[in-house]
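Dropping model_12.cif in here (mmCIF, N, CA and C atoms):
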```
data_input
#
loop_
_atom_site.group_PDB
_atom_site.id
_atom_site.type_symbol
_atom_site.label_atom_id
_atom_site.label_comp_id
_atom_site.auth_asym_id
_atom_site.auth_seq_id
_atom_site.Cartn_x
_atom_site.Cartn_y
_atom_site.Cartn_z
ATOM 1 N N PHE A 1 86.639 156.906 142.956
ATOM 2 C CA PHE A 1 85.993 157.307 141.728
ATOM 3 C C PHE A 1 86.762 158.419 141.026
ATOM 4 N N HIS A 2 87.251 159.385 141.777
ATOM 5 C CA HIS A 2 88.009 160.495 141.204
ATOM 6 C C HIS A 2 89.499 160.373 141.474
ATOM 7 N N GLY A 3 89.905 159.359 142.187
ATOM 8 C CA GLY A 3 91.311 159.146 142.488
ATOM 9 C C GLY A 3 91.710 159.689 143.845
ATOM 10 N N LEU A 4 92.941 159.407 144.197
ATOM 11 C CA LEU A 4 93.487 159.823 145.489
ATOM 12 C C LEU A 4 94.917 160.301 145.290
ATOM 13 N N ILE A 5 95.247 161.397 145.947
ATOM 14 C CA ILE A 5 96.617 161.891 145.984
ATOM 15 C C ILE A 5 97.006 162.043 147.449
ATOM 16 N N ALA A 6 98.094 161.382 147.838
ATOM 17 C CA ALA A 6 98.632 161.532 149.188
ATOM 18 C C ALA A 6 99.902 162.366 149.082
ATOM 19 N N VAL A 7 99.973 163.429 149.882
ATOM 20 C CA VAL A 7 101.109 164.357 149.843
ATOM 21 C C VAL A 7 101.713 164.447 151.238
ATOM 22 N N ALA A 8 103.043 164.346 151.306
ATOM 23 C CA ALA A 8 103.762 164.515 152.572
ATOM 24 C C ALA A 8 104.730 165.686 152.428
ATOM 25 N N VAL A 9 104.613 166.651 153.343
ATOM 26 C CA VAL A 9 105.462 167.844 153.311
ATOM 27 C C VAL A 9 106.253 167.911 154.618
ATOM 28 N N ALA A 10 107.579 168.001 154.496
ATOM 29 C CA ALA A 10 108.446 168.108 155.675
ATOM 30 C C ALA A 10 108.689 169.585 155.977
ATOM 31 N N LEU A 11 108.524 169.935 157.252
ATOM 32 C CA LEU A 11 108.706 171.318 157.704
ATOM 33 C C LEU A 11 109.707 171.345 158.853
ATOM 34 N N ASP A 12 110.553 172.379 158.863
ATOM 35 C CA ASP A 12 111.483 172.507 159.986
ATOM 36 C C ASP A 12 110.800 173.241 161.140
ATOM 37 N N SER A 13 111.549 173.524 162.200
ATOM 38 C CA SER A 13 110.970 174.142 163.399
ATOM 39 C C SER A 13 110.443 175.556 163.155
ATOM 40 N N ARG A 14 110.912 176.218 162.106
ATOM 41 C CA ARG A 14 110.432 177.554 161.758
ATOM 42 C C ARG A 14 109.242 177.509 160.807
ATOM 43 N N GLY A 15 108.877 176.307 160.343
ATOM 44 C CA GLY A 15 107.762 176.174 159.415
ATOM 45 C C GLY A 15 108.165 176.240 157.953
ATOM 46 N N ALA A 16 109.475 176.237 157.680
ATOM 47 C CA ALA A 16 109.959 176.275 156.293
ATOM 48 C C ALA A 16 109.947 174.866 155.704
ATOM 49 N N VAL A 17 109.639 174.771 154.427
ATOM 50 C CA VAL A 17 109.604 173.488 153.730
ATOM 51 C C VAL A 17 111.027 172.967 153.588
ATOM 52 N N ARG A 18 111.223 171.707 153.932
ATOM 53 C CA ARG A 18 112.531 171.063 153.815
ATOM 54 C C ARG A 18 112.417 169.952 152.786
ATOM 55 N N GLY A 19 113.240 170.014 151.784
ATOM 56 C CA GLY A 19 113.222 168.985 150.752
ATOM 57 C C GLY A 19 112.021 169.129 149.828
ATOM 58 N N GLU A 20 111.803 168.090 149.057
ATOM 59 C CA GLU A 20 110.713 168.070 148.085
ATOM 60 C C GLU A 20 109.546 167.263 148.646
ATOM 61 N N PRO A 21 108.306 167.745 148.509
ATOM 62 C CA PRO A 21 107.166 166.974 149.001
ATOM 63 C C PRO A 21 107.083 165.608 148.331
ATOM 64 N N GLY A 22 106.675 164.619 149.100
ATOM 65 C CA GLY A 22 106.450 163.279 148.565
ATOM 66 C C GLY A 22 105.012 163.173 148.077
ATOM 67 N N VAL A 23 104.813 162.487 146.943
ATOM 68 C CA VAL A 23 103.474 162.358 146.364
ATOM 69 C C VAL A 23 103.243 160.909 145.951
ATOM 70 N N VAL A 24 102.062 160.386 146.295
ATOM 71 C CA VAL A 24 101.635 159.057 145.865
ATOM 72 C C VAL A 24 100.274 159.207 145.210
ATOM 73 N N LEU A 25 100.122 158.622 144.007
ATOM 74 C CA LEU A 25 98.868 158.708 143.251
ATOM 75 C C LEU A 25 98.169 157.366 143.216
ATOM 76 N N SER A 26 96.860 157.425 143.152
ATOM 77 C CA SER A 26 96.069 156.215 142.953
ATOM 78 C C SER A 26 94.802 156.580 142.185
ATOM 79 N N GLY A 27 94.599 155.922 141.051
ATOM 80 C CA GLY A 27 93.359 156.095 140.300
ATOM 81 C C GLY A 27 93.252 157.343 139.457
ATOM 82 N N LEU A 28 94.378 157.949 139.079
ATOM 83 C CA LEU A 28 94.346 159.143 138.229
ATOM 84 C C LEU A 28 94.941 158.806 136.861
ATOM 85 N N PRO A 29 94.274 159.223 135.786
ATOM 86 C CA PRO A 29 94.714 158.876 134.427
ATOM 87 C C PRO A 29 95.800 159.808 133.884
ATOM 88 N N VAL A 30 97.022 159.679 134.381
ATOM 89 C CA VAL A 30 98.111 160.543 133.930
ATOM 90 C C VAL A 30 99.362 159.728 133.608
ATOM 91 N N GLU A 31 99.213 158.658 132.883
ATOM 92 C CA GLU A 31 100.343 157.783 132.597
ATOM 93 C C GLU A 31 101.355 158.399 131.644
ATOM 94 N N GLU A 32 100.907 159.039 130.565
ATOM 95 C CA GLU A 32 101.830 159.589 129.569
ATOM 96 C C GLU A 32 102.666 160.736 130.125
ATOM 97 N N ASP A 33 102.044 161.647 130.827
ATOM 98 C CA ASP A 33 102.711 162.846 131.342
ATOM 99 C C ASP A 33 102.918 162.775 132.845
ATOM 100 N N ARG A 34 103.126 161.579 133.353
ATOM 101 C CA ARG A 34 103.193 161.369 134.800
ATOM 102 C C ARG A 34 104.277 162.222 135.465
ATOM 103 N N ALA A 35 105.469 162.292 134.886
ATOM 104 C CA ALA A 35 106.570 163.047 135.499
ATOM 105 C C ALA A 35 106.225 164.530 135.603
ATOM 106 N N GLU A 36 105.655 165.098 134.543
ATOM 107 C CA GLU A 36 105.276 166.511 134.557
ATOM 108 C C GLU A 36 104.152 166.763 135.558
ATOM 109 N N PHE A 37 103.199 165.844 135.608
ATOM 110 C CA PHE A 37 102.085 165.956 136.550
ATOM 111 C C PHE A 37 102.610 165.947 137.991
ATOM 112 N N LEU A 38 103.477 164.992 138.304
ATOM 113 C CA LEU A 38 104.033 164.905 139.651
ATOM 114 C C LEU A 38 104.850 166.146 140.006
ATOM 115 N N ALA A 39 105.597 166.671 139.041
ATOM 116 C CA ALA A 39 106.381 167.889 139.291
ATOM 117 C C ALA A 39 105.466 169.059 139.628
ATOM 118 N N GLU A 40 104.363 169.194 138.904
ATOM 119 C CA GLU A 40 103.437 170.291 139.177
ATOM 120 C C GLU A 40 102.754 170.118 140.532
ATOM 121 N N ILE A 41 102.409 168.894 140.874
ATOM 122 C CA ILE A 41 101.788 168.621 142.181
ATOM 123 C C ILE A 41 102.778 168.961 143.302
ATOM 124 N N ARG A 42 104.035 168.539 143.151
ATOM 125 C CA ARG A 42 105.051 168.845 144.169
ATOM 126 C C ARG A 42 105.257 170.350 144.312
ATOM 127 N N ASP A 43 105.332 171.049 143.174
ATOM 128 C CA ASP A 43 105.505 172.503 143.210
ATOM 129 C C ASP A 43 104.324 173.179 143.893
ATOM 130 N N ALA A 44 103.110 172.745 143.564
ATOM 131 C CA ALA A 44 101.910 173.337 144.173
ATOM 132 C C ALA A 44 101.913 173.115 145.683
ATOM 133 N N ALA A 45 102.282 171.908 146.118
ATOM 134 C CA ALA A 45 102.321 171.595 147.549
ATOM 135 C C ALA A 45 103.378 172.431 148.265
ATOM 136 N N ALA A 46 104.569 172.536 147.676
ATOM 137 C CA ALA A 46 105.657 173.290 148.312
ATOM 138 C C ALA A 46 105.322 174.777 148.398
ATOM 139 N N GLU A 47 104.781 175.350 147.329
ATOM 140 C CA GLU A 47 104.416 176.769 147.342
ATOM 141 C C GLU A 47 103.321 177.041 148.360
ATOM 142 N N ALA A 48 102.319 176.190 148.416
ATOM 143 C CA ALA A 48 101.219 176.378 149.366
ATOM 144 C C ALA A 48 101.721 176.245 150.802
ATOM 145 N N ALA A 49 102.610 175.275 151.040
ATOM 146 C CA ALA A 49 103.150 175.091 152.392
ATOM 147 C C ALA A 49 103.994 176.284 152.811
ATOM 148 N N ALA A 50 104.737 176.860 151.876
ATOM 149 C CA ALA A 50 105.571 178.018 152.180
ATOM 150 C C ALA A 50 104.736 179.237 152.535
ATOM 151 N N GLU A 51 103.540 179.339 151.984
ATOM 152 C CA GLU A 51 102.672 180.494 152.220
ATOM 153 C C GLU A 51 101.588 180.226 153.255
ATOM 154 N N GLY A 52 101.506 178.998 153.739
ATOM 155 C CA GLY A 52 100.379 178.571 154.555
ATOM 156 C C GLY A 52 100.328 179.058 155.985
ATOM 157 N N GLY A 53 101.411 179.545 156.529
ATOM 158 C CA GLY A 53 101.398 180.015 157.911
ATOM 159 C C GLY A 53 101.735 178.928 158.900
ATOM 160 N N ARG A 54 101.545 179.231 160.183
ATOM 161 C CA ARG A 54 101.950 178.322 161.258
ATOM 162 C C ARG A 54 100.815 177.452 161.787
ATOM 163 N N ASP A 55 99.574 177.817 161.543
ATOM 164 C CA ASP A 55 98.442 177.029 162.022
ATOM 165 C C ASP A 55 98.359 175.728 161.217
ATOM 166 N N GLU A 56 98.493 174.596 161.891
ATOM 167 C CA GLU A 56 98.579 173.305 161.209
ATOM 168 C C GLU A 56 97.334 172.966 160.387
ATOM 169 N N ALA A 57 96.157 173.199 160.929
ATOM 170 C CA ALA A 57 94.928 172.886 160.199
ATOM 171 C C ALA A 57 94.795 173.755 158.945
ATOM 172 N N ARG A 58 95.118 175.017 159.090
ATOM 173 C CA ARG A 58 95.036 175.929 157.943
ATOM 174 C C ARG A 58 96.079 175.573 156.883
ATOM 175 N N LEU A 59 97.276 175.242 157.324
ATOM 176 C CA LEU A 59 98.348 174.848 156.415
ATOM 177 C C LEU A 59 97.963 173.589 155.641
ATOM 178 N N ARG A 60 97.433 172.608 156.354
ATOM 179 C CA ARG A 60 97.004 171.353 155.724
ATOM 180 C C ARG A 60 95.933 171.621 154.663
ATOM 181 N N GLU A 61 94.986 172.478 154.963
ATOM 182 C CA GLU A 61 93.908 172.798 154.018
ATOM 183 C C GLU A 61 94.435 173.594 152.820
ATOM 184 N N THR A 62 95.362 174.509 153.050
ATOM 185 C CA THR A 62 95.955 175.286 151.958
ATOM 186 C C THR A 62 96.675 174.365 150.977
ATOM 187 N N VAL A 63 97.448 173.427 151.502
ATOM 188 C CA VAL A 63 98.158 172.470 150.647
ATOM 189 C C VAL A 63 97.161 171.581 149.915
ATOM 190 N N ARG A 64 96.154 171.093 150.618
ATOM 191 C CA ARG A 64 95.146 170.215 150.005
ATOM 192 C C ARG A 64 94.468 170.894 148.821
ATOM 193 N N LEU A 65 94.055 172.129 149.005
ATOM 194 C CA LEU A 65 93.360 172.847 147.928
ATOM 195 C C LEU A 65 94.277 173.136 146.743
ATOM 196 N N ALA A 66 95.532 173.496 147.011
ATOM 197 C CA ALA A 66 96.478 173.783 145.930
ATOM 198 C C ALA A 66 96.740 172.528 145.093
ATOM 199 N N VAL A 67 96.910 171.402 145.755
ATOM 200 C CA VAL A 67 97.155 170.141 145.047
ATOM 201 C C VAL A 67 95.908 169.731 144.262
ATOM 202 N N ARG A 68 94.762 169.877 144.855
ATOM 203 C CA ARG A 68 93.523 169.502 144.166
ATOM 204 C C ARG A 68 93.285 170.368 142.929
ATOM 205 N N ARG A 69 93.558 171.671 143.025
ATOM 206 C CA ARG A 69 93.414 172.556 141.856
ATOM 207 C C ARG A 69 94.354 172.138 140.729
ATOM 208 N N ALA A 70 95.590 171.827 141.070
ATOM 209 C CA ALA A 70 96.562 171.398 140.055
ATOM 210 C C ALA A 70 96.105 170.091 139.408
ATOM 211 N N ALA A 71 95.625 169.157 140.197
ATOM 212 C CA ALA A 71 95.153 167.877 139.654
ATOM 213 C C ALA A 71 93.933 168.074 138.767
ATOM 214 N N THR A 72 93.041 168.961 139.147
ATOM 215 C CA THR A 72 91.837 169.221 138.352
ATOM 216 C C THR A 72 92.204 169.834 137.005
ATOM 217 N N ARG A 73 93.188 170.718 136.989
ATOM 218 C CA ARG A 73 93.647 171.293 135.714
ATOM 219 C C ARG A 73 94.158 170.213 134.773
ATOM 220 N N TRP A 74 94.864 169.227 135.310
ATOM 221 C CA TRP A 74 95.453 168.176 134.491
ATOM 222 C C TRP A 74 94.443 167.124 134.066
ATOM 223 N N THR A 75 93.538 166.735 134.964
ATOM 224 C CA THR A 75 92.697 165.558 134.714
ATOM 225 C C THR A 75 91.220 165.870 134.527
ATOM 226 N N GLY A 76 90.790 167.044 134.972
ATOM 227 C CA GLY A 76 89.365 167.347 134.941
ATOM 228 C C GLY A 76 88.609 166.700 136.096
ATOM 229 N N LYS A 77 89.322 165.961 136.942
ATOM 230 C CA LYS A 77 88.713 165.299 138.103
ATOM 231 C C LYS A 77 89.098 166.029 139.378
ATOM 232 N N LYS A 78 88.312 165.818 140.418
ATOM 233 C CA LYS A 78 88.600 166.396 141.728
ATOM 234 C C LYS A 78 88.916 165.255 142.695
ATOM 235 N N PRO A 79 90.189 164.862 142.754
ATOM 236 C CA PRO A 79 90.550 163.724 143.595
ATOM 237 C C PRO A 79 90.513 164.058 145.084
ATOM 238 N N VAL A 80 90.429 163.010 145.878
ATOM 239 C CA VAL A 80 90.602 163.150 147.319
ATOM 240 C C VAL A 80 92.087 163.412 147.547
ATOM 241 N N VAL A 81 92.402 164.393 148.386
ATOM 242 C CA VAL A 81 93.803 164.725 148.671
ATOM 243 C C VAL A 81 94.035 164.597 150.175
ATOM 244 N N GLU A 82 94.982 163.742 150.530
ATOM 245 C CA GLU A 82 95.372 163.556 151.924
ATOM 246 C C GLU A 82 96.726 164.227 152.127
ATOM 247 N N VAL A 83 96.845 165.064 153.147
ATOM 248 C CA VAL A 83 98.076 165.800 153.398
ATOM 249 C C VAL A 83 98.654 165.388 154.752
ATOM 250 N N SER A 84 99.945 165.030 154.740
ATOM 251 C CA SER A 84 100.670 164.743 155.967
ATOM 252 C C SER A 84 101.747 165.804 156.141
ATOM 253 N N LEU A 85 101.777 166.397 157.318
ATOM 254 C CA LEU A 85 102.814 167.391 157.637
ATOM 255 C C LEU A 85 103.806 166.722 158.593
ATOM 256 N N LEU A 86 105.073 166.732 158.210
ATOM 257 C CA LEU A 86 106.116 166.092 159.004
ATOM 258 C C LEU A 86 107.025 167.149 159.591
ATOM 259 N N GLN A 87 107.221 167.124 160.891
ATOM 260 C CA GLN A 87 108.112 168.069 161.568
ATOM 261 C C GLN A 87 109.505 167.456 161.630
ATOM 262 N N VAL A 88 110.492 168.150 161.051
ATOM 263 C CA VAL A 88 111.874 167.641 161.078
ATOM 264 C C VAL A 88 112.784 168.597 161.816
#
```

Same coordinates, now as structure tokens:
Amino acid sequence: FHGLIAVAVALDSRGAVRGEPGVVLSGLPVEEDRAEFLAEIRDAAAEAAAEGGRDEARLRETVRLAVRRAATRWTGKKPVVEVSLLQV
């Protein structure tokens, strides 16, 4: 109903973000400004992951909330956000 955003963030052994977060959207009305929307979502995920700490559950929730806030600013909707943390 409100859409879905799946975010994957790669972290190294020290917990630092490696590369750019991957984002997949479903059911969100952002066709015209899709590139800008995705860039903001990626930035929000990377910044939250960098500040999130070492606790995996807390980090996952920090990223989820940051992405959801960014999506709400753009769409006015509160999508479901799924976060995957990848250890590289």

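When DSSP is run on the backbone, the residues of chain A that fall into strand (DSSP E) are Leu4, Ile5, Ala6, Val7, Ala8, Val9, Ala10, Leu11, Gly22, Val23, Val24, Leu25, Ser26, Val80, Val81, Glu82, Val83, Ser84, Leu85, Leu86 and Gln87 of chain A.
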
If we count all atoms listed in the file, what is near Glu82 in chain A at a cut-off of 7 Å, once residues fewer than 2 positions away on the same chain are taken out, given as number ranges by chain?
A: 4-8, 64, 80, 84

Quick one: which residues end up in the PyMOL selection byres ((chain A and resi 14) around 8) for this structure, as a list of chain:residue names?
A:Leu11, A:Asp12, A:Ser13, A:Gly15, A:Ala16, A:Val17, A:Gly53, A:Arg54, A:Val88

Let me know the centre plus edge lengths, in Å and rounded to one decimal, of a box with edges along x, y and z that contains all listed atoms of range 19-22 of chain A and is padded by 8 Å on every side, as JSON.
```
{"center_x": 109.1, "center_y": 166.6, "center_z": 149.9, "size_x": 24.2, "size_y": 22.8, "size_z": 19.7}
```

Need the shell around Pro21 in chain A: protein/DNA/RNA residues with any atom at most 7 Å away, counting only C-alpha atoms. Skip same-chain ones fewer than 5 positions apart. Format as a PDB file with N, CA and C atoms, keeping the file's coordinate frame?
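For reference, result16.pdb as written:
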```
ATOM      1  N   VAL A   7      99.973 163.429 149.882  1.00  0.00           N
ATOM      2  CA  VAL A   7     101.109 164.357 149.843  1.00  0.00           C
ATOM      3  C   VAL A   7     101.713 164.447 151.238  1.00  0.00           C
ATOM      4  N   ALA A   8     103.043 164.346 151.306  1.00  0.00           N
ATOM      5  CA  ALA A   8     103.762 164.515 152.572  1.00  0.00           C
ATOM      6  C   ALA A   8     104.730 165.686 152.428  1.00  0.00           C
ATOM      7  N   VAL A   9     104.613 166.651 153.343  1.00  0.00           N
ATOM      8  CA  VAL A   9     105.462 167.844 153.311  1.00  0.00           C
ATOM      9  C   VAL A   9     106.253 167.911 154.618  1.00  0.00           C
ATOM     10  N   ALA A  10     107.579 168.001 154.496  1.00  0.00           N
ATOM     11  CA  ALA A  10     108.446 168.108 155.675  1.00  0.00           C
ATOM     12  C   ALA A  10     108.689 169.585 155.977  1.00  0.00           C
ATOM     13  N   ARG A  42     104.035 168.539 143.151  1.00  0.00           N
ATOM     14  CA  ARG A  42     105.051 168.845 144.169  1.00  0.00           C
ATOM     15  C   ARG A  42     105.257 170.350 144.312  1.00  0.00           C
ATOM     16  N   ALA A  45     102.282 171.908 146.118  1.00  0.00           N
ATOM     17  CA  ALA A  45     102.321 171.595 147.549  1.00  0.00           C
ATOM     18  C   ALA A  45     103.378 172.431 148.265  1.00  0.00           C
ATOM     19  N   ALA A  46     104.569 172.536 147.676  1.00  0.00           N
ATOM     20  CA  ALA A  46     105.657 173.290 148.312  1.00  0.00           C
ATOM     21  C   ALA A  46     105.322 174.777 148.398  1.00  0.00           C
TER      22      ALA A  46
END
```

Your completed range 59-70 of chain A with all heavy atoms, as an mmCIF file, in the coordinates of the input:
```cif
data_model
loop_
_atom_site.group_PDB
_atom_site.id
_atom_site.type_symbol
_atom_site.label_atom_id
_atom_site.label_comp_id
_atom_site.auth_asym_id
_atom_site.auth_seq_id
_atom_site.Cartn_x
_atom_site.Cartn_y
_atom_site.Cartn_z
ATOM 1 N N LEU A 59 97.276 175.242 157.324
ATOM 2 C CA LEU A 59 98.348 174.848 156.415
ATOM 3 C C LEU A 59 97.963 173.589 155.641
ATOM 4 O O LEU A 59 98.116 173.519 154.425
ATOM 5 C CB LEU A 59 99.634 174.616 157.202
ATOM 6 C CG LEU A 59 100.845 174.124 156.431
ATOM 7 C CD1 LEU A 59 101.211 175.096 155.315
ATOM 8 C CD2 LEU A 59 102.013 173.920 157.369
ATOM 9 N N ARG A 60 97.433 172.608 156.354
ATOM 10 C CA ARG A 60 97.004 171.353 155.724
ATOM 11 C C ARG A 60 95.933 171.621 154.663
ATOM 12 O O ARG A 60 95.985 171.085 153.553
ATOM 13 C CB ARG A 60 96.471 170.414 156.803
ATOM 14 C CG ARG A 60 96.258 169.000 156.356
ATOM 15 C CD ARG A 60 95.729 168.159 157.518
ATOM 16 N NE ARG A 60 96.513 168.277 158.726
ATOM 17 C CZ ARG A 60 97.557 167.525 159.027
ATOM 18 N NH1 ARG A 60 97.952 166.607 158.191
ATOM 19 N NH2 ARG A 60 98.209 167.686 160.142
ATOM 20 N N GLU A 61 94.986 172.478 154.963
ATOM 21 C CA GLU A 61 93.908 172.798 154.018
ATOM 22 C C GLU A 61 94.435 173.594 152.820
ATOM 23 O O GLU A 61 94.018 173.371 151.692
ATOM 24 C CB GLU A 61 92.791 173.575 154.727
ATOM 25 C CG GLU A 61 91.605 173.885 153.849
ATOM 26 C CD GLU A 61 90.828 172.666 153.378
ATOM 27 O OE1 GLU A 61 91.119 171.527 153.795
ATOM 28 O OE2 GLU A 61 89.911 172.852 152.555
ATOM 29 N N THR A 62 95.362 174.509 153.050
ATOM 30 C CA THR A 62 95.955 175.286 151.958
ATOM 31 C C THR A 62 96.675 174.365 150.977
ATOM 32 O O THR A 62 96.520 174.490 149.766
ATOM 33 C CB THR A 62 96.933 176.336 152.524
ATOM 34 O OG1 THR A 62 96.214 177.207 153.394
ATOM 35 C CG2 THR A 62 97.585 177.138 151.420
ATOM 36 N N VAL A 63 97.448 173.427 151.502
ATOM 37 C CA VAL A 63 98.158 172.470 150.647
ATOM 38 C C VAL A 63 97.161 171.581 149.915
ATOM 39 O O VAL A 63 97.286 171.346 148.705
ATOM 40 C CB VAL A 63 99.154 171.625 151.472
ATOM 41 C CG1 VAL A 63 99.742 170.492 150.631
ATOM 42 C CG2 VAL A 63 100.255 172.506 152.040
ATOM 43 N N ARG A 64 96.154 171.093 150.618
ATOM 44 C CA ARG A 64 95.146 170.215 150.005
ATOM 45 C C ARG A 64 94.468 170.894 148.821
ATOM 46 O O ARG A 64 94.349 170.318 147.734
ATOM 47 C CB ARG A 64 94.093 169.808 151.040
ATOM 48 C CG ARG A 64 93.090 168.782 150.522
ATOM 49 C CD ARG A 64 91.973 168.544 151.525
ATOM 50 N NE ARG A 64 91.034 169.641 151.541
ATOM 51 C CZ ARG A 64 90.067 169.812 150.630
ATOM 52 N NH1 ARG A 64 89.921 168.977 149.634
ATOM 53 N NH2 ARG A 64 89.249 170.841 150.721
ATOM 54 N N LEU A 65 94.055 172.129 149.005
ATOM 55 C CA LEU A 65 93.360 172.847 147.928
ATOM 56 C C LEU A 65 94.277 173.136 146.743
ATOM 57 O O LEU A 65 93.856 173.025 145.585
ATOM 58 C CB LEU A 65 92.754 174.140 148.465
ATOM 59 C CG LEU A 65 91.576 173.956 149.424
ATOM 60 C CD1 LEU A 65 91.152 175.292 150.000
ATOM 61 C CD2 LEU A 65 90.415 173.261 148.738
ATOM 62 N N ALA A 66 95.532 173.496 147.011
ATOM 63 C CA ALA A 66 96.478 173.783 145.930
ATOM 64 C C ALA A 66 96.740 172.528 145.093
ATOM 65 O O ALA A 66 96.753 172.575 143.858
ATOM 66 C CB ALA A 66 97.781 174.325 146.499
ATOM 67 N N VAL A 67 96.910 171.402 145.755
ATOM 68 C CA VAL A 67 97.155 170.141 145.047
ATOM 69 C C VAL A 67 95.908 169.731 144.262
ATOM 70 O O VAL A 67 96.007 169.324 143.100
ATOM 71 C CB VAL A 67 97.580 169.038 146.036
ATOM 72 C CG1 VAL A 67 97.554 167.665 145.388
ATOM 73 C CG2 VAL A 67 98.965 169.348 146.593
ATOM 74 N N ARG A 68 94.762 169.877 144.855
ATOM 75 C CA ARG A 68 93.523 169.502 144.166
ATOM 76 C C ARG A 68 93.285 170.368 142.929
ATOM 77 O O ARG A 68 92.868 169.879 141.887
ATOM 78 C CB ARG A 68 92.345 169.601 145.123
ATOM 79 C CG ARG A 68 91.076 169.023 144.551
ATOM 80 C CD ARG A 68 90.028 168.904 145.596
ATOM 81 N NE ARG A 68 88.811 168.367 145.004
ATOM 82 C CZ ARG A 68 87.733 168.082 145.650
ATOM 83 N NH1 ARG A 68 87.699 168.265 146.961
ATOM 84 N NH2 ARG A 68 86.689 167.608 145.044
ATOM 85 N N ARG A 69 93.558 171.671 143.025
ATOM 86 C CA ARG A 69 93.414 172.556 141.856
ATOM 87 C C ARG A 69 94.354 172.138 140.729
ATOM 88 O O ARG A 69 93.967 172.100 139.561
ATOM 89 C CB ARG A 69 93.681 174.007 142.247
ATOM 90 C CG ARG A 69 92.486 174.710 142.851
ATOM 91 C CD ARG A 69 92.714 176.204 142.956
ATOM 92 N NE ARG A 69 93.771 176.555 143.881
ATOM 93 C CZ ARG A 69 93.602 176.759 145.178
ATOM 94 N NH1 ARG A 69 92.404 176.663 145.712
ATOM 95 N NH2 ARG A 69 94.620 177.082 145.940
ATOM 96 N N ALA A 70 95.590 171.827 141.070
ATOM 97 C CA ALA A 70 96.562 171.398 140.055
ATOM 98 C C ALA A 70 96.105 170.091 139.408
ATOM 99 O O ALA A 70 96.169 169.941 138.185
ATOM 100 C CB ALA A 70 97.939 171.233 140.670
#
```
